[in-house]
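First the structure, in the form of structure tokens, and then the observations on it.
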Amino acid sequence: MEAGKAGRAGVALAAMVLAVAASMPLAAGARDTDTAGFAFQPRDGSTFMWGSLGAARNSANTFERFQCSVSRYQASTLSTLTIVSCSVRNARGESFSCFTTSESFAEALTALRNDGNIEISVTPDGICQNTEVVVASSLARKDS
Amino acid sequence: MASRNWLMPAATGFAGLVAGFLIGDRAGEPQSTGVAGSPVVVYPGTASTAAQPSASPVTLDELRRVVREELAALPASGAPRSGGSDAVEIAPSPEQNLAADQARAVLGSALSRRSWTDADREALAPQFAAMSSAQRTDWLQQYALAVNQGRLVPDSELPPF
């Protein structure tokens, strides 16, 4: 009997939660709709490239994307060569890319999550110089 | 290139380490007293104070190979070399030069089509793996500049190499 009472109470509680949820207006926190792109920085000649992985994936067009890869090669008996390669394609289908052999840059990328945001400053020589990886609730999740 | 100031001290330190190792190895070899006609071989130390030299599993040739490899790998710090005096240059092997030539040819072909495809990536892969570290970064810089100047359009969803 006690088990039956507990079961009925659980069902009632679940129904109450559903009712309250249904009566609440739809609400959400801040949303960042920035997707992927790049922009020249006249002050120092660098180029700023960025991408929000979820938003770029969800964009209406099929162009936008941002990708980075980290590869490690056996450079010698005692050392490895790390190569990070990143590229972005904006809504107009224009591409920009950079690379670096910086191990610390590669380590920074490990903070990037599936729906994170990444920003990179690129030297005129095409070297990925500085990066910032952001994980935030305002960033869009991939729909599929 | 302030970020690469560590290269020379590192190279010097590494060379010193290797030199010390080699000298230490030589110190264990028998030495002649130099008396003409009747060479007397004397081992350093005595049995009670110094161990006899033991057979090392590492040969001099192997050591030289490791030193060459490490010096060749030193410039791989971040940015491509700019010809600065602190760069330690080791000439790439003929095989690496051949791979670099073929990798440049793959890039040249893609530039003529203004498109980098998955087929280009597959053609590059074995050459890229065979190139030296410096040749890889040189190639990547050419690729990045071509893309960033609009001379090459990546038509692949994968990294270029």
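Residues in the structure tokens are numbered from 1 in each chain, the chains being A, B, ... in the order shown, and ligands are numbered from 1 in the order shown.
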Check which residues of chain B sit at most 6 Å from chain A using only C-alpha atoms, and return one row each with the closest pair of atoms and their distance in Å to one decimal, ordered by chain and rising number, as a Markdown table.
| residue | atom | partner | partner_atom | distance |
| --- | --- | --- | --- | --- |
| B:Glu69 | CA | A:Ser76 | CA | 5.2 |
| B:Gly78 | CA | A:Thr101 | CA | 4.5 |
| B:Ala144 | CA | A:Ser97 | CA | 5.5 |
| B:Leu145 | CA | A:Gly126 | CA | 6.0 |
| B:Asn148 | CA | A:Phe96 | CA | 5.0 |
Export of prior selection with N, CA and C atoms as a short mmCIF file (atom, residue, chain, number, x, y, z; two decimals), in the first residue's frame:
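As a result, again_8.cif now contains:
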data_model
loop_
_atom_site.label_atom_id
_atom_site.label_comp_id
_atom_site.auth_asym_id
_atom_site.auth_seq_id
_atom_site.Cartn_x
_atom_site.Cartn_y
_atom_site.Cartn_z
N GLU B 69 69.37 14.88 -36.10
CA GLU B 69 67.91 14.99 -36.07
C GLU B 69 67.46 16.10 -35.15
N GLY B 78 57.40 27.88 -34.10
CA GLY B 78 56.12 28.58 -34.22
C GLY B 78 55.98 29.20 -35.58
N ALA B 144 48.61 28.88 -47.05
CA ALA B 144 47.82 29.87 -46.32
C ALA B 144 47.80 31.20 -47.07
N LEU B 145 48.94 31.62 -47.57
CA LEU B 145 48.98 32.90 -48.30
C LEU B 145 48.12 32.83 -49.56
N ASN B 148 44.54 33.07 -48.42
CA ASN B 148 44.21 34.39 -47.87
C ASN B 148 44.24 35.49 -48.92
#
Rounded to one decimal, what separation in Å do you get between CA of Asp138 (chain B) and CA of Pro160 (chain B)?
13.6 Å
From the set A:Asn130, A:Ser46, A:Thr35, A:Ser138, which residue has the shortest atom-to-atom contact distance to Ser59 (chain A), counting only C-alpha atoms?
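With only C-alpha atoms as the atom set, the closest residue is A:Thr35.
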